[in-house]
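A.B. asks: One structure follows; several queries about it will come next.
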Amino acid sequence: MQYETLIVEKIGKVGKITINRPEKLNAMNQTVRDELDHAFAEFAQDSDVSVVVVTGAGEKAFIAGADINEFKDKNAAQMYEDFRPDKVFHELARFQKPVIAMINGYALGGGCEFAMACDIRIASENAKLGQPEIKLGIIPGWGGTQRLPRLIGEGKAMWMILSGEMIDAKTALEWGLVDFVVKPEELEDFTMNMANKIAEMSPITLKIAKEAVRAASTLGLKEGLELESRLFALTFSTEDKEEGVAAFLEKRKPEFRGR
Ligand code: COA
């Protein structure tokens with residue numbers, strides 16, 4: 001498909017999506033959201049792609065939020081319909097392969113929320129993150145009030161959401177909002193190296209591992225441990241487990257096939 005607002009590439013086993021509205025700091029309008037759903041749906045079907053990296057075009061922004069122009073004259077009924085949890089980042093939310101957010105600048109509002117919905121967040125030293133919705137007289141609507149406290153704790157999340165203040169990458173790292181911070185000129189290589197290393201693993205086992213870790217934020221410990229033991233046993237049904245164990249014992253690199 002020809003994308004209007006995204007650059008979608010395959011680099012080895014890594015799918016890369018770049019939101020490409022740099023003149024609007026990659027603000028997510030409806031077209032961006034629809035195209036993101038489409039790109040994720042395509043990568044979900046593509047067995048050559050094991051890991052996905054998402055970033056923003058230009059030097060300034062990852063994603064500066066939802067496109068505020070689309071909020072004008074919208075009423076509650078429309079927003080309640082459009083912002084249902086099953087509709088927001090619909091394909092990302094059900095995407096089984098690992099997704100890395102490569103945060104190259106502002107990650108604000110929906111941009112911060114999008115990054116939080118990814119699996120690993122890598123930020124450039126000059127990134128700034130925040131939930132500034134309160135300054136518009138609204139609150140986060142794409143998961144910010146729920147994912148932010150889970151990542152950084154209630155008090156800090158409360159401060160960010162009530163004040164609308166941004167934090168820098170160093171603070172985001174200390175607080176656990178991002179997982180790695182690197183120099184701007186190293187961001188691309190660092191991220192792609194990480195993605196490529198992960199993509200060397202069995203694609204089926206990556207999905208099982210992601211499902212298990214994601215369950216940690218929704219299940220109690222007892223249920224989580226039970227799920228883990230079932231998923232752990234499931235990995236013993238794959239050909240890739242036989243290959244991984246055999247390769248270790250034969251002192252060679254495994255050739256995983258995703259079976
Ligand atoms: N929605 C729509 N357009 C946006 C946008 C958004 N979320 N964020 C930035 N833009 C647009 C600006 O309107 C401007 O467009 P213009 O050149 O046609 O006027 C362009 O992107 C560049 O932004 P600008 O504000 O001039 O850059 P800056 O460097 O002075 O400020 C920010 C950068 C990120 C601080 C500022 O753009 C901002 O506060 N954006 C809104 C962030 C936000 O509230 N996000 C949550 C939305 S729910």
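Identifiers for the structure tokens are assigned positionally: chains receive A, B, ... in sequence, residues are indexed from 1 per chain, and ligands are indexed from 1 in the order shown.
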Looking only at strand (DSSP E) from DSSP on the backbone, list the matching residues of stretch 104-230 of chain A as a list of chain:residue names.
C.D. replies: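 Restricting stretch 104-230 of chain A to strand (DSSP E) produces A:Tyr106, A:Ala107, A:Leu108, A:Ile120, A:Arg121, A:Ile122, A:Ala123, A:Ser124, A:Lys128, A:Leu129, A:Gly130, A:Met166, A:Ile167, A:Asp168, A:Phe180, A:Val181, A:Val182.
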A.B. asks: Can you tell me which residues sit at most 6 Å away from ligand 1, counting only C-alpha atoms and all ligand atoms, written as a list in words?
C.D. replies: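 After applying the 6 Å limit, what remains is Glu23, Lys24, Leu25, Ala27, Ala64, Gly65, Ala66, Asp67, Ile68, Asn69, Leu108, Gly109, Pro132 and Glu133 of chain A.
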A.B. asks: Any idea what's packed within 9 Å of stretch 47-56 of chain A, counting only C-alpha atoms, ignoring anything in its chain fewer than 5 positions away? Could you give it as a VMD selection string?
C.D. replies: chain A and resid 10 to 22 25 to 26 40 61 to 63 97 to 105 115 118 191 to 192 195 to 196 198 to 204 206 258
A.B. asks: Can you pull out every residue from stretch 56-234 of chain A that DSSP, working from the backbone, puts in alpha helix (DSSP H), and format the result as a ChimeraX atom specification?
C.D. replies: /A:76-82,90-93,110-117,144-152,154-163,169-175,187-199,203-215,221-234
A.B. asks: Do you know which residues are at most 6 Å from A:Asp179 counting only C-alpha atoms, after dropping those on the same chain fewer than 5 positions away, and could you put them as a PyMOL selection string?
C.D. replies: chain A and resi 121-122+173
A.B. asks: Skipping near chain neighbours, those fewer than 4 positions away, what residues fall within 10 Å of A:Leu162 using only C-alpha atoms, listed as a PyMOL selection string?
C.D. replies: chain A and resi 131-135+139+156-158
A.B. asks: Write out as a list in words the residues lying within 12 Å of A:Thr235, counting only C-alpha atoms and excluding same-chain residues fewer than 6 positions away.
C.D. replies: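 Returned residues: Ser202, Pro203, Ile204, Thr205, Leu206, Lys207, Ile208, Ala209, Ala212, Glu228, Ser229, Lys241, Glu242, Glu243, Gly244, Val245, Gly258 and Arg259 of chain A.
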A.B. asks: Output as a tab-separated table one row per residue of stretch 123-218 of chain A within 8 Å of stretch 81-90 of chain A: the closest atom pair and its distance in Å to one decimal place, counting only C-alpha atoms, sorted by chain and residue number ascending.
C.D. replies:
```
residue	atom	partner	partner_atom	distance
A:Gly141	CA	A:Phe83	CA	6.6
A:Trp142	CA	A:Val88	CA	6.3
A:Gly143	CA	A:Pro85	CA	7.9
```
A.B. asks: How about saving the chosen residues, C-alpha atoms kept, as a CSV table (one decimal), in the first residue's frame?
C.D. replies:
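This is the output file selection27.csv:
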```
chain,number,residue,atom,x,y,z
A,141,GLY,CA,-7.4,9.4,26.4
A,142,TRP,CA,-5.1,6.8,24.9
A,143,GLY,CA,-4.0,5.0,28.1
```
A.B. asks: If I take atom CA of A:Glu185 and atom CA of A:Glu59, how far is one from the other in Å, to one decimal?
C.D. replies: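 Interatomic distance, atom CA of A:Glu185 to atom CA of A:Glu59: 10.6 Å.
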A.B. asks: Could you check how far atom CA of A:Glu4 sits from atom CA of A:Tyr106, in Å to one decimal?
C.D. replies: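 Computed distance, atom CA of A:Glu4 to atom CA of A:Tyr106, equals 21.5 Å.
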A.B. asks: Mind giving me the straight-line distance from atom CA of A:Met28 to atom CA of A:Gly130 in Å, one decimal?
C.D. replies: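 Between these atoms lies a distance of 15.5 Å.
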A.B. asks: Which is closest to A:Arg257 among A:Glu239, A:Glu226, A:Cys112, A:Ile138, if we use only C-alpha atoms?
C.D. replies: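 Selected residue with least distance to A:Arg257: A:Glu239.
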A.B. asks: Choose the residue, out of A:Met194, A:Ala246, A:Leu234, A:Ala41, that has the smallest atom-to-atom separation from A:Ala93; count only C-alpha atoms.
C.D. replies: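 Closest residue, counting only C-alpha atoms: A:Ala41.
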